[in-house]
$ cat upload-v5.cif   # mmCIF, C-alpha atoms and all ligand atoms
data_my_file
loop_
_atom_site.group_PDB
_atom_site.id
_atom_site.type_symbol
_atom_site.label_atom_id
_atom_site.label_comp_id
_atom_site.auth_asym_id
_atom_site.auth_seq_id
_atom_site.Cartn_x
_atom_site.Cartn_y
_atom_site.Cartn_z
ATOM 1 C CA MET R 28 10.200 -12.745 -0.844
ATOM 2 C CA GLN R 29 7.240 -14.294 -2.692
ATOM 3 C CA LEU R 30 3.992 -12.400 -2.244
ATOM 4 C CA GLY R 31 0.490 -13.547 -3.134
ATOM 5 C CA GLU R 32 -1.722 -11.395 -5.355
ATOM 6 C CA GLN R 33 -3.582 -9.893 -2.421
ATOM 7 C CA GLU R 34 -0.374 -9.036 -0.570
ATOM 8 C CA GLN R 35 1.066 -7.445 -3.706
ATOM 9 C CA ALA R 36 -2.077 -5.365 -4.212
ATOM 10 C CA ALA R 37 -2.071 -4.272 -0.555
ATOM 11 C CA LEU R 38 1.618 -3.318 -0.767
ATOM 12 C CA LYS R 39 1.056 -1.281 -3.941
ATOM 13 C CA ALA R 40 -1.924 0.494 -2.377
ATOM 14 C CA SER R 41 0.108 1.357 0.749
ATOM 15 C CA ILE R 42 2.965 2.706 -1.373
ATOM 16 C CA VAL R 43 0.567 4.928 -3.327
ATOM 17 C CA GLN R 44 -1.090 6.126 -0.113
ATOM 18 C CA VAL R 45 2.219 7.016 1.569
ATOM 19 C CA GLY R 46 3.475 8.626 -1.663
ATOM 20 C CA GLN R 47 0.397 10.849 -1.962
ATOM 21 C CA ARG R 48 0.681 11.928 1.665
ATOM 22 C CA VAL R 49 4.392 12.767 1.347
ATOM 23 C CA ALA R 50 3.878 14.615 -1.971
ATOM 24 C CA ARG R 51 1.045 16.637 -0.426
ATOM 25 C CA GLU R 52 3.191 17.582 2.585
ATOM 26 C CA LEU R 53 6.169 18.528 0.426
ATOM 27 C CA GLY R 54 4.170 20.585 -2.084
ATOM 28 C CA GLU R 55 5.519 21.522 -5.491
ATOM 29 C CA ARG R 56 8.588 23.500 -4.477
ATOM 30 C CA PRO R 57 9.675 22.450 -0.997
ATOM 31 C CA GLU R 58 12.306 24.341 0.982
ATOM 32 C CA LEU R 59 15.488 22.393 1.704
ATOM 33 C CA GLU R 60 14.928 22.435 5.465
ATOM 34 C CA GLN R 61 11.393 21.094 5.051
ATOM 35 C CA ALA R 62 12.532 18.349 2.660
ATOM 36 C CA LEU R 63 15.271 17.245 5.071
ATOM 37 C CA HIS R 64 12.921 17.375 8.034
ATOM 38 C CA MET R 65 10.280 15.249 6.286
ATOM 39 C CA VAL R 66 12.543 12.221 5.996
ATOM 40 C CA GLY R 67 12.581 12.117 9.809
ATOM 41 C CA PHE R 68 8.916 11.014 9.639
ATOM 42 C CA LEU R 69 9.944 8.003 7.566
ATOM 43 C CA HIS R 70 12.565 7.078 10.167
ATOM 44 C CA ALA R 71 10.103 7.466 13.054
ATOM 45 C CA ALA R 72 7.457 5.401 11.223
ATOM 46 C CA ILE R 73 9.900 2.552 10.554
ATOM 47 C CA ASP R 74 11.016 2.574 14.202
ATOM 48 C CA LYS R 75 7.367 2.365 15.283
ATOM 49 C CA THR R 76 6.657 -0.505 12.872
ATOM 50 C CA VAL R 77 9.631 -2.509 14.130
ATOM 51 C CA ALA R 78 8.750 -1.854 17.786
ATOM 52 C CA GLN R 79 5.076 -2.824 17.299
ATOM 53 C CA ALA R 80 5.979 -6.048 15.506
ATOM 54 C CA ALA R 81 8.376 -6.976 18.311
ATOM 55 C CA LEU R 82 5.544 -6.591 20.851
ATOM 56 C CA ARG R 83 3.091 -8.562 18.699
ATOM 57 C CA GLY R 84 5.056 -11.703 18.039
ATOM 58 C CA GLN R 85 8.519 -13.181 18.113
ATOM 59 C CA ALA R 86 11.087 -10.512 19.019
ATOM 60 C CA PRO R 87 13.974 -10.153 16.552
ATOM 61 C CA ALA R 88 17.340 -11.478 17.762
ATOM 62 C CA CYS R 89 18.973 -8.063 17.207
ATOM 63 C CA GLN R 90 20.735 -6.735 20.331
ATOM 64 C CA ALA R 91 23.003 -3.798 21.106
ATOM 65 C CA GLY R 92 26.567 -4.844 20.299
ATOM 66 C CA CYS R 93 25.526 -7.253 17.529
ATOM 67 C CA ALA R 94 26.776 -5.493 14.427
ATOM 68 C CA SER R 95 26.882 -8.113 11.655
ATOM 69 C CA CYS R 96 24.660 -6.016 9.402
ATOM 70 C CA CYS R 97 26.941 -3.000 9.932
ATOM 71 C CA HIS R 98 29.565 -4.767 7.768
ATOM 72 C CA LEU R 99 27.301 -4.926 4.716
ATOM 73 C CA ARG R 100 26.585 -2.437 1.957
ATOM 74 C CA VAL R 101 24.154 0.231 3.172
ATOM 75 C CA GLU R 102 22.200 2.403 0.753
ATOM 76 C CA VAL R 103 20.781 5.791 1.570
ATOM 77 C CA SER R 104 18.657 8.262 -0.352
ATOM 78 C CA PRO R 105 20.216 11.647 -1.218
ATOM 79 C CA VAL R 106 17.922 13.333 1.314
ATOM 80 C CA GLU R 107 19.158 11.000 4.073
ATOM 81 C CA ALA R 108 22.770 11.735 3.137
ATOM 82 C CA LEU R 109 22.090 15.484 3.274
ATOM 83 C CA ARG R 110 20.252 15.231 6.578
ATOM 84 C CA LEU R 111 23.028 13.175 8.131
ATOM 85 C CA ALA R 112 25.670 15.610 6.834
ATOM 86 C CA GLY R 113 23.709 18.425 8.488
ATOM 87 C CA CYS R 114 23.644 16.564 11.821
ATOM 88 C CA LEU R 115 27.424 16.057 11.648
ATOM 89 C CA GLN R 116 27.990 19.808 11.375
ATOM 90 C CA ASP R 117 27.896 19.992 15.166
ATOM 91 C CA TRP R 118 30.833 17.608 15.484
ATOM 92 C CA PRO R 119 34.172 19.210 16.422
ATOM 93 C CA GLU R 120 36.347 19.954 13.384
ATOM 94 C CA ALA R 121 38.964 17.294 14.279
ATOM 95 C CA ARG R 122 36.254 14.612 14.473
ATOM 96 C CA ARG R 123 34.793 15.719 11.139
ATOM 97 C CA GLN R 124 38.204 15.612 9.465
ATOM 98 C CA ASP R 125 38.817 12.142 10.880
ATOM 99 C CA LEU R 126 35.440 11.003 9.524
ATOM 100 C CA LEU R 127 36.208 12.447 6.071
ATOM 101 C CA GLN R 128 39.501 10.586 6.028
ATOM 102 C CA ARG R 129 37.821 7.302 6.994
ATOM 103 C CA LEU R 130 35.068 7.830 4.401
ATOM 104 C CA ARG R 131 37.657 8.382 1.642
ATOM 105 C CA LEU R 132 39.617 5.312 2.760
ATOM 106 C CA ARG R 133 36.481 3.178 2.823
ATOM 107 C CA LEU R 134 35.430 4.397 -0.615
ATOM 108 C CA ALA R 135 38.860 3.468 -2.007
ATOM 109 C CA LEU R 136 38.553 0.002 -0.434
ATOM 110 C CA LEU R 137 35.096 -0.446 -1.963
ATOM 111 C CA GLU R 138 36.281 0.675 -5.384
ATOM 112 C CA ASN R 139 39.308 -1.634 -5.340
ATOM 113 C CA ALA R 140 37.608 -4.669 -3.795
ATOM 114 C CA ARG R 141 37.620 -7.872 -5.812
ATOM 115 C CA GLU R 142 34.210 -9.059 -4.575
ATOM 116 C CA PRO R 143 31.091 -7.079 -5.564
ATOM 117 C CA ALA R 144 29.960 -6.685 -1.936
ATOM 118 C CA PRO R 145 32.952 -6.836 0.430
ATOM 119 C CA ARG R 146 32.278 -7.044 4.172
ATOM 120 C CA LEU R 147 33.728 -3.809 5.549
ATOM 121 C CA PRO R 148 32.784 -2.139 8.839
ATOM 122 C CA CYS R 149 30.647 0.979 8.509
ATOM 123 C CA VAL R 150 32.575 4.172 9.324
ATOM 124 C CA PHE R 151 30.077 4.888 12.091
ATOM 125 C CA LEU R 152 30.621 1.607 13.895
ATOM 126 C CA GLN R 153 32.435 2.161 17.213
ATOM 127 C CA ASP R 154 32.909 -0.661 19.727
ATOM 128 C CA ASN R 155 30.256 -2.597 17.802
ATOM 129 C CA MET R 156 27.715 0.190 18.355
ATOM 130 C CA CYS R 157 26.282 2.712 15.908
ATOM 131 C CA SER R 158 27.727 6.149 16.759
ATOM 132 C CA ILE R 159 24.944 7.944 14.831
ATOM 133 C CA TYR R 160 22.074 5.795 16.118
ATOM 134 C CA PRO R 161 19.395 8.559 16.198
ATOM 135 C CA TRP R 162 20.250 9.581 12.611
ATOM 136 C CA ARG R 163 20.896 6.191 11.050
ATOM 137 C CA PRO R 164 19.262 5.681 7.645
ATOM 138 C CA ALA R 165 16.000 3.855 6.960
ATOM 139 C CA ASN R 166 17.764 0.734 5.716
ATOM 140 C CA CYS R 167 19.535 0.334 9.066
ATOM 141 C CA ARG R 168 16.315 0.946 10.993
ATOM 142 C CA LYS R 169 14.366 -1.760 9.183
ATOM 143 C CA ALA R 170 17.168 -4.353 9.257
ATOM 144 C CA HIS R 171 16.263 -7.194 11.625
ATOM 145 C CA SER R 172 16.799 -10.924 11.964
ATOM 146 C CA PHE R 173 15.500 -13.859 13.975
ATOM 147 C CA SER R 174 18.908 -15.520 13.937
ATOM 148 C CA ALA R 175 22.085 -13.735 15.019
ATOM 149 C CA ALA R 176 24.044 -16.861 14.031
ATOM 150 C CA ASP R 177 22.779 -16.613 10.425
ATOM 151 C CA CYS R 178 23.880 -12.967 10.297
ATOM 152 C CA GLN R 179 27.315 -13.771 11.741
ATOM 153 C CA GLN R 180 27.798 -16.554 9.204
ATOM 154 C CA GLY R 181 26.738 -14.278 6.336
ATOM 155 C CA ALA R 182 23.761 -16.466 5.394
ATOM 156 C CA VAL R 183 22.125 -15.527 2.095
ATOM 157 C CA HIS R 184 18.603 -15.799 3.514
ATOM 158 C CA ILE R 185 17.996 -14.152 6.868
ATOM 159 C CA GLN R 186 14.786 -15.050 8.732
ATOM 160 C CA GLN R 187 12.710 -11.901 9.032
ATOM 161 C CA ASP R 188 9.225 -10.766 10.039
ATOM 162 C CA LEU R 189 7.204 -10.358 6.842
ATOM 163 C CA ALA R 190 4.955 -7.729 8.443
ATOM 164 C CA ILE R 191 7.968 -5.526 9.306
ATOM 165 C CA THR R 192 9.467 -6.020 5.868
ATOM 166 C CA LEU R 193 6.259 -5.115 4.029
ATOM 167 C CA ALA R 194 5.399 -2.146 6.227
ATOM 168 C CA ALA R 195 8.935 -0.755 5.936
ATOM 169 C CA GLU R 196 8.912 -1.314 2.181
ATOM 170 C CA ALA R 197 5.616 0.565 1.834
ATOM 171 C CA LEU R 198 6.952 3.453 3.922
ATOM 172 C CA GLN R 199 10.265 3.649 2.101
ATOM 173 C CA ALA R 200 8.972 3.178 -1.439
ATOM 174 C CA GLY R 201 6.008 5.485 -0.797
ATOM 175 C CA THR R 202 8.247 8.189 0.668
ATOM 176 C CA ALA R 203 10.562 7.924 -2.342
ATOM 177 C CA GLN R 204 7.551 8.248 -4.637
ATOM 178 C CA GLY R 205 6.386 11.384 -2.804
ATOM 179 C CA TYR R 206 9.808 13.043 -3.091
ATOM 180 C CA ARG R 207 10.039 12.120 -6.774
ATOM 181 C CA GLN R 208 6.629 13.695 -7.365
ATOM 182 C CA ALA R 209 8.102 16.884 -5.916
ATOM 183 C CA GLY R 210 10.868 16.658 -8.545
ATOM 184 C CA LEU R 211 13.580 15.425 -6.150
ATOM 185 C CA SER R 212 15.979 12.589 -6.919
ATOM 186 C CA MET R 213 15.722 9.559 -4.653
ATOM 187 C CA ALA R 214 18.220 7.369 -6.508
ATOM 188 C CA PRO R 215 19.847 5.179 -3.836
ATOM 189 C CA LEU R 216 23.501 5.810 -2.989
ATOM 190 C CA GLU R 217 26.025 3.709 -1.147
ATOM 191 C CA LEU R 218 26.337 5.371 2.286
ATOM 192 C CA THR R 219 30.032 6.308 1.956
ATOM 193 C CA HIS R 220 29.506 7.805 -1.501
ATOM 194 C CA GLY R 221 26.349 9.684 -0.532
ATOM 195 C CA LEU R 222 27.814 11.125 2.613
ATOM 196 C CA LEU R 223 31.056 12.239 0.963
ATOM 197 C CA TRP R 224 28.975 14.007 -1.690
ATOM 198 C CA ALA R 225 26.827 15.714 0.945
ATOM 199 C CA LEU R 226 29.838 16.755 3.052
ATOM 200 C CA GLU R 227 32.244 17.800 0.309
ATOM 201 C CA GLN R 228 29.998 19.394 -2.321
ATOM 202 C CA PRO R 229 29.273 22.857 -0.880
ATOM 203 C CA SER R 230 26.013 23.315 -2.811
ATOM 204 C CA ALA R 231 24.866 19.673 -2.595
ATOM 205 C CA GLY R 232 21.514 20.609 -1.043
ATOM 206 C CA GLU R 233 20.689 23.265 -3.631
ATOM 207 C CA LEU R 234 21.686 21.005 -6.522
ATOM 208 C CA TRP R 235 19.493 18.227 -5.191
ATOM 209 C CA LEU R 236 16.629 20.675 -4.686
ATOM 210 C CA ASP R 237 17.042 21.658 -8.344
ATOM 211 C CA GLY R 238 16.275 18.049 -9.266
ATOM 212 C CA LYS R 239 19.873 17.032 -10.014
ATOM 213 C CA ASP R 240 21.084 13.464 -9.475
ATOM 214 C CA VAL R 241 24.144 12.831 -7.321
ATOM 215 C CA PRO R 242 27.143 12.513 -9.682
ATOM 216 C CA PRO R 243 29.588 9.615 -9.389
ATOM 217 C CA LEU R 244 32.586 10.561 -7.234
HETATM 218 S S1 LIG O 301 24.859 3.726 10.123
HETATM 219 FE FE1 LIG O 301 24.942 2.738 12.136
HETATM 220 S S2 LIG O 301 23.415 1.095 12.025
HETATM 221 FE FE2 LIG O 301 23.862 1.720 9.922
HETATM 222 S S3 LIG O 301 25.488 0.351 9.206
HETATM 223 FE FE3 LIG O 301 26.484 2.189 10.044
HETATM 224 S S4 LIG O 301 26.925 1.680 12.193
HETATM 225 FE FE4 LIG O 301 25.404 0.205 11.452
#
$ encode --input "upload-v5.cif" --output "structure tokens"
Amino acid sequence: MQLGEQEQAALKASIVQVGQRVARELGERPELEQALHMVGFLHAAIDKTVAQAALRGQAPACQAGCASCCHLRVEVSPVEALRLAGCLQDWPEARRQDLLQRLRLRLALLENAREPAPRLPCVFLQDNMCSIYPWRPANCRKAHSFSAADCQQGAVHIQQDLAITLAAEALQAGTAQGYRQAGLSMAPLELTHGLLWALEQPSAGELWLDGKDVPPL
């Protein structure tokens, strides 16, 4: 994505603005619940941006049941992994154990893959639908395309709406900046890795709140 000087300046200004707002809301020593809750605002804002852009111009080709992008690498922030792990606490124990097993299997496949970015289905993909749709991470929310065929064929360049991409980037980068200002790590994690950490490390939330990075598994 090549941006002109003015677009770059506008993007930087939006990132700073979002970052300042998030840092102000979080304060210097946020509670875990508050920090997890705050990331929901990022998700809602990205959803709104995508919906508004779809009304304004050409609607993206994305449809329920089209899950090409759910076979790609997805990155989450530690706070998204923790929030998602919290939401999964309500799942029945057998379903949670099944998920843990599938996460470990997927991680092993990723670690042993020959290609750097193998196409593997996300563990949350069921019948080509996202089974955690309301809690899906920001990167899934902002993903969109004007050509389902390009996605299916794994095209390197996917036609996207620049306004959605820039607005989502400002929201995501600004939110990350705000959390970092509060002393919290926002280093991106592969979804499987991040979620296993959040589910299996009993004090994951407290460690993150203490400013610790997520260790490699
Ligand atoms: S979390 Fe949901 S939307 Fe995101 S890749 Fe997985 S199945 Fe797809």
$ resolve_selection --input "upload-v5.cif" --expression "the PyMOL selection byres (((not hetatm)) within 12 of (chain O and resi 301))" --output "MDAnalysis selection string"
chainID R and resid 89:103 107:108 111 130 146:171 217:219 222
$ write_last_selection --input "upload-v5.cif" --atoms "C-alpha atoms" --output "PDB file, keeping the file's coordinate frame"
ATOM      1  CA  CYS R  89      18.973  -8.063  17.207  1.00  0.00           C
ATOM      2  CA  GLN R  90      20.735  -6.735  20.331  1.00  0.00           C
ATOM      3  CA  ALA R  91      23.003  -3.798  21.106  1.00  0.00           C
ATOM      4  CA  GLY R  92      26.567  -4.844  20.299  1.00  0.00           C
ATOM      5  CA  CYS R  93      25.526  -7.253  17.529  1.00  0.00           C
ATOM      6  CA  ALA R  94      26.776  -5.493  14.427  1.00  0.00           C
ATOM      7  CA  SER R  95      26.882  -8.113  11.655  1.00  0.00           C
ATOM      8  CA  CYS R  96      24.660  -6.016   9.402  1.00  0.00           C
ATOM      9  CA  CYS R  97      26.941  -3.000   9.932  1.00  0.00           C
ATOM     10  CA  HIS R  98      29.565  -4.767   7.768  1.00  0.00           C
ATOM     11  CA  LEU R  99      27.301  -4.926   4.716  1.00  0.00           C
ATOM     12  CA  ARG R 100      26.585  -2.437   1.957  1.00  0.00           C
ATOM     13  CA  VAL R 101      24.154   0.231   3.172  1.00  0.00           C
ATOM     14  CA  GLU R 102      22.200   2.403   0.753  1.00  0.00           C
ATOM     15  CA  VAL R 103      20.781   5.791   1.570  1.00  0.00           C
ATOM     16  CA  GLU R 107      19.158  11.000   4.073  1.00  0.00           C
ATOM     17  CA  ALA R 108      22.770  11.735   3.137  1.00  0.00           C
ATOM     18  CA  LEU R 111      23.028  13.175   8.131  1.00  0.00           C
ATOM     19  CA  LEU R 130      35.068   7.830   4.401  1.00  0.00           C
ATOM     20  CA  ARG R 146      32.278  -7.044   4.172  1.00  0.00           C
ATOM     21  CA  LEU R 147      33.728  -3.809   5.549  1.00  0.00           C
ATOM     22  CA  PRO R 148      32.784  -2.139   8.839  1.00  0.00           C
ATOM     23  CA  CYS R 149      30.647   0.979   8.509  1.00  0.00           C
ATOM     24  CA  VAL R 150      32.575   4.172   9.324  1.00  0.00           C
ATOM     25  CA  PHE R 151      30.077   4.888  12.091  1.00  0.00           C
ATOM     26  CA  LEU R 152      30.621   1.607  13.895  1.00  0.00           C
ATOM     27  CA  GLN R 153      32.435   2.161  17.213  1.00  0.00           C
ATOM     28  CA  ASP R 154      32.909  -0.661  19.727  1.00  0.00           C
ATOM     29  CA  ASN R 155      30.256  -2.597  17.802  1.00  0.00           C
ATOM     30  CA  MET R 156      27.715   0.190  18.355  1.00  0.00           C
ATOM     31  CA  CYS R 157      26.282   2.712  15.908  1.00  0.00           C
ATOM     32  CA  SER R 158      27.727   6.149  16.759  1.00  0.00           C
ATOM     33  CA  ILE R 159      24.944   7.944  14.831  1.00  0.00           C
ATOM     34  CA  TYR R 160      22.074   5.795  16.118  1.00  0.00           C
ATOM     35  CA  PRO R 161      19.395   8.559  16.198  1.00  0.00           C
ATOM     36  CA  TRP R 162      20.250   9.581  12.611  1.00  0.00           C
ATOM     37  CA  ARG R 163      20.896   6.191  11.050  1.00  0.00           C
ATOM     38  CA  PRO R 164      19.262   5.681   7.645  1.00  0.00           C
ATOM     39  CA  ALA R 165      16.000   3.855   6.960  1.00  0.00           C
ATOM     40  CA  ASN R 166      17.764   0.734   5.716  1.00  0.00           C
ATOM     41  CA  CYS R 167      19.535   0.334   9.066  1.00  0.00           C
ATOM     42  CA  ARG R 168      16.315   0.946  10.993  1.00  0.00           C
ATOM     43  CA  LYS R 169      14.366  -1.760   9.183  1.00  0.00           C
ATOM     44  CA  ALA R 170      17.168  -4.353   9.257  1.00  0.00           C
ATOM     45  CA  HIS R 171      16.263  -7.194  11.625  1.00  0.00           C
ATOM     46  CA  GLU R 217      26.025   3.709  -1.147  1.00  0.00           C
ATOM     47  CA  LEU R 218      26.337   5.371   2.286  1.00  0.00           C
ATOM     48  CA  THR R 219      30.032   6.308   1.956  1.00  0.00           C
ATOM     49  CA  LEU R 222      27.814  11.125   2.613  1.00  0.00           C
TER      50      LEU R 222
END
$ resolve_selection --input "upload-v5.cif" --expression "the PyMOL selection byres (((chain R and resi 184-201) around 6) and not hetatm)" --output "MDAnalysis selection string"
chainID R and resid 41:42 45:46 73 77 172:173 182:183 202:204
$ write_last_selection --input "upload-v5.cif" --atoms "C-alpha atoms" --output "mmCIF file, in the frame of the given file"
data_model
loop_
_atom_site.group_PDB
_atom_site.id
_atom_site.type_symbol
_atom_site.label_atom_id
_atom_site.label_comp_id
_atom_site.auth_asym_id
_atom_site.auth_seq_id
_atom_site.Cartn_x
_atom_site.Cartn_y
_atom_site.Cartn_z
ATOM 1 C CA SER R 41 0.108 1.357 0.749
ATOM 2 C CA ILE R 42 2.965 2.706 -1.373
ATOM 3 C CA VAL R 45 2.219 7.016 1.569
ATOM 4 C CA GLY R 46 3.475 8.626 -1.663
ATOM 5 C CA ILE R 73 9.900 2.552 10.554
ATOM 6 C CA VAL R 77 9.631 -2.509 14.130
ATOM 7 C CA SER R 172 16.799 -10.924 11.964
ATOM 8 C CA PHE R 173 15.500 -13.859 13.975
ATOM 9 C CA ALA R 182 23.761 -16.466 5.394
ATOM 10 C CA VAL R 183 22.125 -15.527 2.095
ATOM 11 C CA THR R 202 8.247 8.189 0.668
ATOM 12 C CA ALA R 203 10.562 7.924 -2.342
ATOM 13 C CA GLN R 204 7.551 8.248 -4.637
#
$ residues_around --input "upload-v5.cif" --residues "Arg56 (chain R)" --least-positions-apart "2" --cutoff "10 Å" --atoms "only C-alpha atoms" --output "MDAnalysis selection string"
chainID R and resid 53:54 58:59 62 209:211 236:237
$ atom_distance --input "upload-v5.cif" --atom1 "CA of His70 (chain R)" --atom2 "CA of Val106 (chain R)"
12.1 Å
$ atom_distance --input "upload-v5.cif" --atom1 "CA of Pro215 (chain R)" --atom2 "CA of Ser230 (chain R)"
19.2 Å
$ resolve_selection --input "upload-v5.cif" --expression "the PyMOL selection byres (((chain R and resi 126) around 12) and not hetatm)" --output "PyMOL selection string"
chain R and resi 112+115-116+118-125+127-133+149-152+158+219+222-223+226-227
$ atom_distance --input "upload-v5.cif" --atom1 "CA of Glu60 (chain R)" --atom2 "CA of Asp240 (chain R)"
18.5 Å
$ closest_residue --input "upload-v5.cif" --among "R:Val66, R:Val241, R:Ala231, R:Ala88" --to "Ala214 (chain R)" --atoms "all atoms listed in the file"
R:Val241
$ closest_residue --input "upload-v5.cif" --among "R:Pro143, R:Gly238, R:Pro243, R:Gly31" --to "Arg207 (chain R)" --atoms "all atoms listed in the file"
R:Gly238
$ closest_residue --input "upload-v5.cif" --among "R:Gln208, R:Gly181, R:Ala36, R:His64" --to "Arg51 (chain R)" --atoms "all atoms listed in the file"
R:Gln208
$ closest_residue --input "upload-v5.cif" --among "R:Cys178, R:Glu233, R:Leu134, R:Ala37" --to "Pro57 (chain R)" --atoms "all atoms listed in the file"
R:Glu233
$ residues_near_point --input "upload-v5.cif" --point "(7.9, 11.8, 5.2)" --cutoff "8 Å" --atoms "only C-alpha atoms" --output "NGL selection string"
:R and (49 or 52 or 65-69 or 202)
$ closest_residue --input "upload-v5.cif" --among "R:Asn139, R:Leu216, R:Ala176, R:Pro105" --to "Lys239 (chain R)" --atoms "all atoms listed in the file"
R:Pro105
$ closest_residue --input "upload-v5.cif" --among "R:Asp117, R:Gln228, R:Gly84, R:His220" --to "Leu137 (chain R)" --atoms "only C-alpha atoms"
R:His220
$ axis_aligned_box --input "upload-v5.cif" --around "region 162-166 of chain R" --padding-each-side "5 Å" --output "lines of an AutoDock Vina configuration file"
center_x = 18.4
center_y = 5.2
center_z = 9.2
size_x = 14.9
size_y = 18.8
size_z = 16.9
$ decode --input "upload-v5.cif" --residues "region 49-79 of chain R" --atoms "C-alpha atoms" --output "PDB file, in the first residue's frame"
ATOM      1  CA  VAL R  49      -6.996   4.724  24.862  1.00  0.00           C
ATOM      2  CA  ALA R  50      -4.117   5.630  27.225  1.00  0.00           C
ATOM      3  CA  ARG R  51      -6.341   8.169  28.989  1.00  0.00           C
ATOM      4  CA  GLU R  52      -9.136   5.607  29.423  1.00  0.00           C
ATOM      5  CA  LEU R  53      -6.763   2.925  30.685  1.00  0.00           C
ATOM      6  CA  GLY R  54      -4.913   5.187  33.132  1.00  0.00           C
ATOM      7  CA  GLU R  55      -1.544   4.287  34.598  1.00  0.00           C
ATOM      8  CA  ARG R  56      -2.423   1.053  36.366  1.00  0.00           C
ATOM      9  CA  PRO R  57      -5.508  -0.467  34.763  1.00  0.00           C
ATOM     10  CA  GLU R  58      -7.377  -3.395  36.294  1.00  0.00           C
ATOM     11  CA  LEU R  59      -7.331  -6.588  34.234  1.00  0.00           C
ATOM     12  CA  GLU R  60     -11.092  -6.547  33.673  1.00  0.00           C
ATOM     13  CA  GLN R  61     -10.966  -2.951  32.439  1.00  0.00           C
ATOM     14  CA  ALA R  62      -8.035  -3.676  30.108  1.00  0.00           C
ATOM     15  CA  LEU R  63      -9.837  -6.685  28.612  1.00  0.00           C
ATOM     16  CA  HIS R  64     -13.080  -4.764  28.279  1.00  0.00           C
ATOM     17  CA  MET R  65     -11.400  -1.850  26.479  1.00  0.00           C
ATOM     18  CA  VAL R  66     -10.322  -3.965  23.523  1.00  0.00           C
ATOM     19  CA  GLY R  67     -14.028  -4.518  22.806  1.00  0.00           C
ATOM     20  CA  PHE R  68     -14.195  -0.834  21.768  1.00  0.00           C
ATOM     21  CA  LEU R  69     -11.549  -1.484  19.123  1.00  0.00           C
ATOM     22  CA  HIS R  70     -13.581  -4.407  17.775  1.00  0.00           C
ATOM     23  CA  ALA R  71     -16.806  -2.372  17.709  1.00  0.00           C
ATOM     24  CA  ALA R  72     -15.055   0.556  15.983  1.00  0.00           C
ATOM     25  CA  ILE R  73     -13.610  -1.690  13.263  1.00  0.00           C
ATOM     26  CA  ASP R  74     -17.025  -3.292  12.690  1.00  0.00           C
ATOM     27  CA  LYS R  75     -18.556   0.180  12.333  1.00  0.00           C
ATOM     28  CA  THR R  76     -15.842   1.293   9.893  1.00  0.00           C
ATOM     29  CA  VAL R  77     -16.341  -1.765   7.693  1.00  0.00           C
ATOM     30  CA  ALA R  78     -20.141  -1.409   7.757  1.00  0.00           C
ATOM     31  CA  GLN R  79     -20.021   2.323   6.901  1.00  0.00           C
TER      32      GLN R  79
END
